[in-house]
2 protein chains.
Amino acid sequence: MSDVLYLDDLKVGQVFVSPTHALDAAQIKAFARAFDPQPFHLDEEAAAATFFKGLAASGWHTAAITMKLLASTEPGIAGGLIGAGAEISWPQATRPGDVLQVTSEILEVVPSRSRPERGMATMRSQTRNQRGEVLQILTSKLVVPRRPAG
Amino acid sequence: MSDVLYLDDLKVGQVFVSPTHALDAAQIKAFARAFDPQPFHLDEEAAAATFFKGLAASGWHTAAITMKLLASTEPGIAGGLIGAGAEISWPQATRPGDVLQVTSEILEVVPSRSRPERGMATMRSQTRNQRGEVLQILTSKLVVPRRPAG
């Protein structure tokens, strides 16, 4: 086995499990101040009266932590994780105290017709908390190099 | 006109334009260190030898800045911007020196059958740089309250 995976090494159904990330209220508020300064991401008391009924992480914070966990999942993809696009949903709010972990499954592997040195893999990554509740489902199209000949 | 928009105020074809955000290499690297520590987001020299051929922002950084710009677009949505899910694509890399601006268009407005107090709006947000190049296309499903009676 090599240290990194090429398109040729990816198979439909292959599963990868990430390390974990423990989230707290301070991280939620810091991300929100920078990128999503809405009351339900900034302040417990203000959040209580909103749709979320309590402090919740920005969905983009959950996405960013998911990226961090994917980037530290072994084995890595040759050339790095390069997404062309994705579908994302947040079935449940991410809360302070949640410990996030990402389980990813390869759904499709398609060599490029026009670019023989690479292809596209579709990967579904589910981000769960310590109770197994699904917080985010991300289905991404990744650009993955073919194994160089020789 | 009220200060905020309810589902009843949203019409297909309505367009909203955000303020701008100037991105530099320091911001790109800081986000990458926290959430996407891959060479092409961390270091100019290392990035030169990659798919991106130079320092590029994490797609999730572009998404987070887009969120910031959407949150500061007037008029706001009643109850805040609450996404149930989205499709996202990055047709072109976001680079140091790019000045980002988001133009959003309402694509669909659907009152909920089961929850008379709210509905779903589909919005397409295109994030462009100062040259008008499209860096990200985000199509989001937003949870939007109906205007309260009376």
# chains A, B, ... in the order shown; residues from 1 in each chain; ligands from 1

call {"tool": "select_by_dssp", "arguments": {"residues": "chain A", "states": "strand (DSSP E or B)", "output": "ChimeraX atom specification"}}
result
/A:4-5,15-22,76-77,83-89,99-111,118-128,134-145

call {"tool": "residues_around", "arguments": {"residues": "Glu45 of chain A", "least_positions_apart": "3", "cutoff": "9 Å", "atoms": "only C-alpha atoms", "output": "JSON, numbers by chain"}}
result
{"A": [39, 40, 48, 49, 54, 55]}

call {"tool": "closest_atom_pairs", "arguments": {"of": "chain A", "to": "chain B", "cutoff": "7 Å", "atoms": "only C-alpha atoms", "output": "CSV"}}
result
residue,atom,partner,partner_atom,distance
A:Phe35,CA,B:Lys68,CA,4.6
A:Asp36,CA,B:Lys68,CA,5.2
A:Gln38,CA,B:Gly80,CA,6.9
A:Trp60,CA,B:Ala64,CA,6.0
A:Ala64,CA,B:Phe35,CA,5.5
A:Ile65,CA,B:Phe35,CA,6.0
A:Met67,CA,B:Asp36,CA,6.1
A:Lys68,CA,B:Phe35,CA,4.6
A:Ala71,CA,B:Asp36,CA,6.6
A:Gly80,CA,B:Gln38,CA,6.9
A:Ala84,CA,B:Trp90,CA,5.8
A:Gly85,CA,B:Ser89,CA,3.9
A:Ala86,CA,B:Ile88,CA,5.3
A:Glu87,CA,B:Glu87,CA,4.4
A:Ile88,CA,B:Ala86,CA,5.2
A:Ser89,CA,B:Gly85,CA,3.8
A:Trp90,CA,B:Ala84,CA,5.8

call {"tool": "write_last_selection", "arguments": {"atoms": "N, CA and C atoms", "output": "PDB file, in the first residue's frame"}}
result
ATOM      1  N   PHE A  35     -17.787  35.069  10.756  1.00  0.00           N
ATOM      2  CA  PHE A  35     -18.421  34.670   9.488  1.00  0.00           C
ATOM      3  C   PHE A  35     -19.945  34.585   9.492  1.00  0.00           C
ATOM      4  N   ASP A  36     -20.563  34.491  10.657  1.00  0.00           N
ATOM      5  CA  ASP A  36     -22.018  34.289  10.654  1.00  0.00           C
ATOM      6  C   ASP A  36     -22.608  34.910  11.915  1.00  0.00           C
ATOM      7  N   GLN A  38     -25.047  35.968  13.607  1.00  0.00           N
ATOM      8  CA  GLN A  38     -26.486  35.990  13.873  1.00  0.00           C
ATOM      9  C   GLN A  38     -26.705  35.571  15.331  1.00  0.00           C
ATOM     10  N   TRP A  60     -21.922  26.541   8.446  1.00  0.00           N
ATOM     11  CA  TRP A  60     -20.626  26.680   7.765  1.00  0.00           C
ATOM     12  C   TRP A  60     -19.477  26.378   8.707  1.00  0.00           C
ATOM     13  N   ALA A  64     -16.800  23.560   8.070  1.00  0.00           N
ATOM     14  CA  ALA A  64     -15.363  23.829   8.184  1.00  0.00           C
ATOM     15  C   ALA A  64     -14.690  22.786   9.087  1.00  0.00           C
ATOM     16  N   ILE A  65     -15.337  22.418  10.189  1.00  0.00           N
ATOM     17  CA  ILE A  65     -14.774  21.383  11.066  1.00  0.00           C
ATOM     18  C   ILE A  65     -14.753  20.043  10.334  1.00  0.00           C
ATOM     19  N   MET A  67     -14.312  19.666   7.196  1.00  0.00           N
ATOM     20  CA  MET A  67     -13.149  19.737   6.307  1.00  0.00           C
ATOM     21  C   MET A  67     -11.881  19.426   7.081  1.00  0.00           C
ATOM     22  N   LYS A  68     -11.739  20.027   8.270  1.00  0.00           N
ATOM     23  CA  LYS A  68     -10.556  19.773   9.101  1.00  0.00           C
ATOM     24  C   LYS A  68     -10.424  18.271   9.398  1.00  0.00           C
ATOM     25  N   ALA A  71      -9.413  16.362   6.302  1.00  0.00           N
ATOM     26  CA  ALA A  71      -8.007  16.589   5.946  1.00  0.00           C
ATOM     27  C   ALA A  71      -7.070  15.781   6.837  1.00  0.00           C
ATOM     28  N   GLY A  80      -4.172  15.833  -2.317  1.00  0.00           N
ATOM     29  CA  GLY A  80      -5.012  16.561  -1.362  1.00  0.00           C
ATOM     30  C   GLY A  80      -6.487  16.442  -1.684  1.00  0.00           C
ATOM     31  N   ALA A  84     -14.753  19.992  -6.252  1.00  0.00           N
ATOM     32  CA  ALA A  84     -15.280  20.830  -7.331  1.00  0.00           C
ATOM     33  C   ALA A  84     -16.637  21.391  -6.927  1.00  0.00           C
ATOM     34  N   GLY A  85     -17.322  20.663  -6.069  1.00  0.00           N
ATOM     35  CA  GLY A  85     -18.633  21.097  -5.611  1.00  0.00           C
ATOM     36  C   GLY A  85     -19.196  20.080  -4.661  1.00  0.00           C
ATOM     37  N   ALA A  86     -20.352  20.396  -4.075  1.00  0.00           N
ATOM     38  CA  ALA A  86     -20.919  19.519  -3.060  1.00  0.00           C
ATOM     39  C   ALA A  86     -22.385  19.827  -2.838  1.00  0.00           C
ATOM     40  N   GLU A  87     -23.077  18.835  -2.293  1.00  0.00           N
ATOM     41  CA  GLU A  87     -24.404  19.070  -1.726  1.00  0.00           C
ATOM     42  C   GLU A  87     -24.265  18.944  -0.235  1.00  0.00           C
ATOM     43  N   ILE A  88     -24.924  19.808   0.503  1.00  0.00           N
ATOM     44  CA  ILE A  88     -24.769  19.806   1.953  1.00  0.00           C
ATOM     45  C   ILE A  88     -26.140  19.973   2.590  1.00  0.00           C
ATOM     46  N   SER A  89     -26.383  19.226   3.671  1.00  0.00           N
ATOM     47  CA  SER A  89     -27.604  19.464   4.442  1.00  0.00           C
ATOM     48  C   SER A  89     -27.284  19.315   5.913  1.00  0.00           C
ATOM     49  N   TRP A  90     -28.083  19.993   6.702  1.00  0.00           N
ATOM     50  CA  TRP A  90     -27.891  20.004   8.159  1.00  0.00           C
ATOM     51  C   TRP A  90     -29.175  19.518   8.808  1.00  0.00           C
TER      52      TRP A  90
END

call {"tool": "residues_around", "arguments": {"residues": "Ser112 of chain B", "least_positions_apart": "6", "cutoff": "10 Å", "atoms": "only C-alpha atoms", "output": "count of residues only"}}
result
7

call {"tool": "residues_around", "arguments": {"residues": "Val4 of chain B", "least_positions_apart": "4", "cutoff": "10 Å", "atoms": "only C-alpha atoms", "output": "list of chain:residue names"}}
result
B:Asp9, B:Glu74, B:Pro75, B:Gly76, B:Ile77, B:Ala78, B:Gly79, B:Gly80

call {"tool": "closest_residue", "arguments": {"among": "A:Pro19, A:Leu135, A:Ser104, A:Lys11", "to": "Ala57 of chain A", "atoms": "only C-alpha atoms"}}
result
A:Leu135

call {"tool": "residues_around", "arguments": {"residues": "Lys29 of chain A", "least_positions_apart": "6", "cutoff": "8 Å", "atoms": "only C-alpha atoms", "output": "PyMOL selection string"}}
result
chain A and resi 41-43+57

call {"tool": "write_last_selection", "arguments": {"atoms": "N, CA and C atoms", "output": "PDB file, in the first residue's frame"}}
result
ATOM      1  N   HIS A  41     -26.117  32.126  16.869  1.00  0.00           N
ATOM      2  CA  HIS A  41     -24.746  31.594  16.861  1.00  0.00           C
ATOM      3  C   HIS A  41     -23.827  32.354  17.820  1.00  0.00           C
ATOM      4  N   LEU A  42     -24.342  33.428  18.422  1.00  0.00           N
ATOM      5  CA  LEU A  42     -23.470  34.349  19.172  1.00  0.00           C
ATOM      6  C   LEU A  42     -23.703  34.365  20.672  1.00  0.00           C
ATOM      7  N   ASP A  43     -24.926  34.062  21.088  1.00  0.00           N
ATOM      8  CA  ASP A  43     -25.283  34.342  22.480  1.00  0.00           C
ATOM      9  C   ASP A  43     -26.386  33.391  22.941  1.00  0.00           C
ATOM     10  N   ALA A  57     -24.196  26.041  16.357  1.00  0.00           N
ATOM     11  CA  ALA A  57     -23.092  26.416  15.470  1.00  0.00           C
ATOM     12  C   ALA A  57     -23.630  26.797  14.098  1.00  0.00           C
TER      13      ALA A  57
END

call {"tool": "residues_around", "arguments": {"residues": "Gly132 of chain A", "least_positions_apart": "2", "cutoff": "12 Å", "atoms": "only C-alpha atoms", "output": "JSON, numbers by chain"}}
result
{"A": [92, 98, 99, 100, 101, 102, 103, 126, 127, 128, 129, 130, 134, 135, 136]}

call {"tool": "closest_residue", "arguments": {"among": "B:Thr62, B:Thr94, B:Ser114, B:Ser125", "to": "Val17 of chain B", "atoms": "only C-alpha atoms"}}
result
B:Ser125
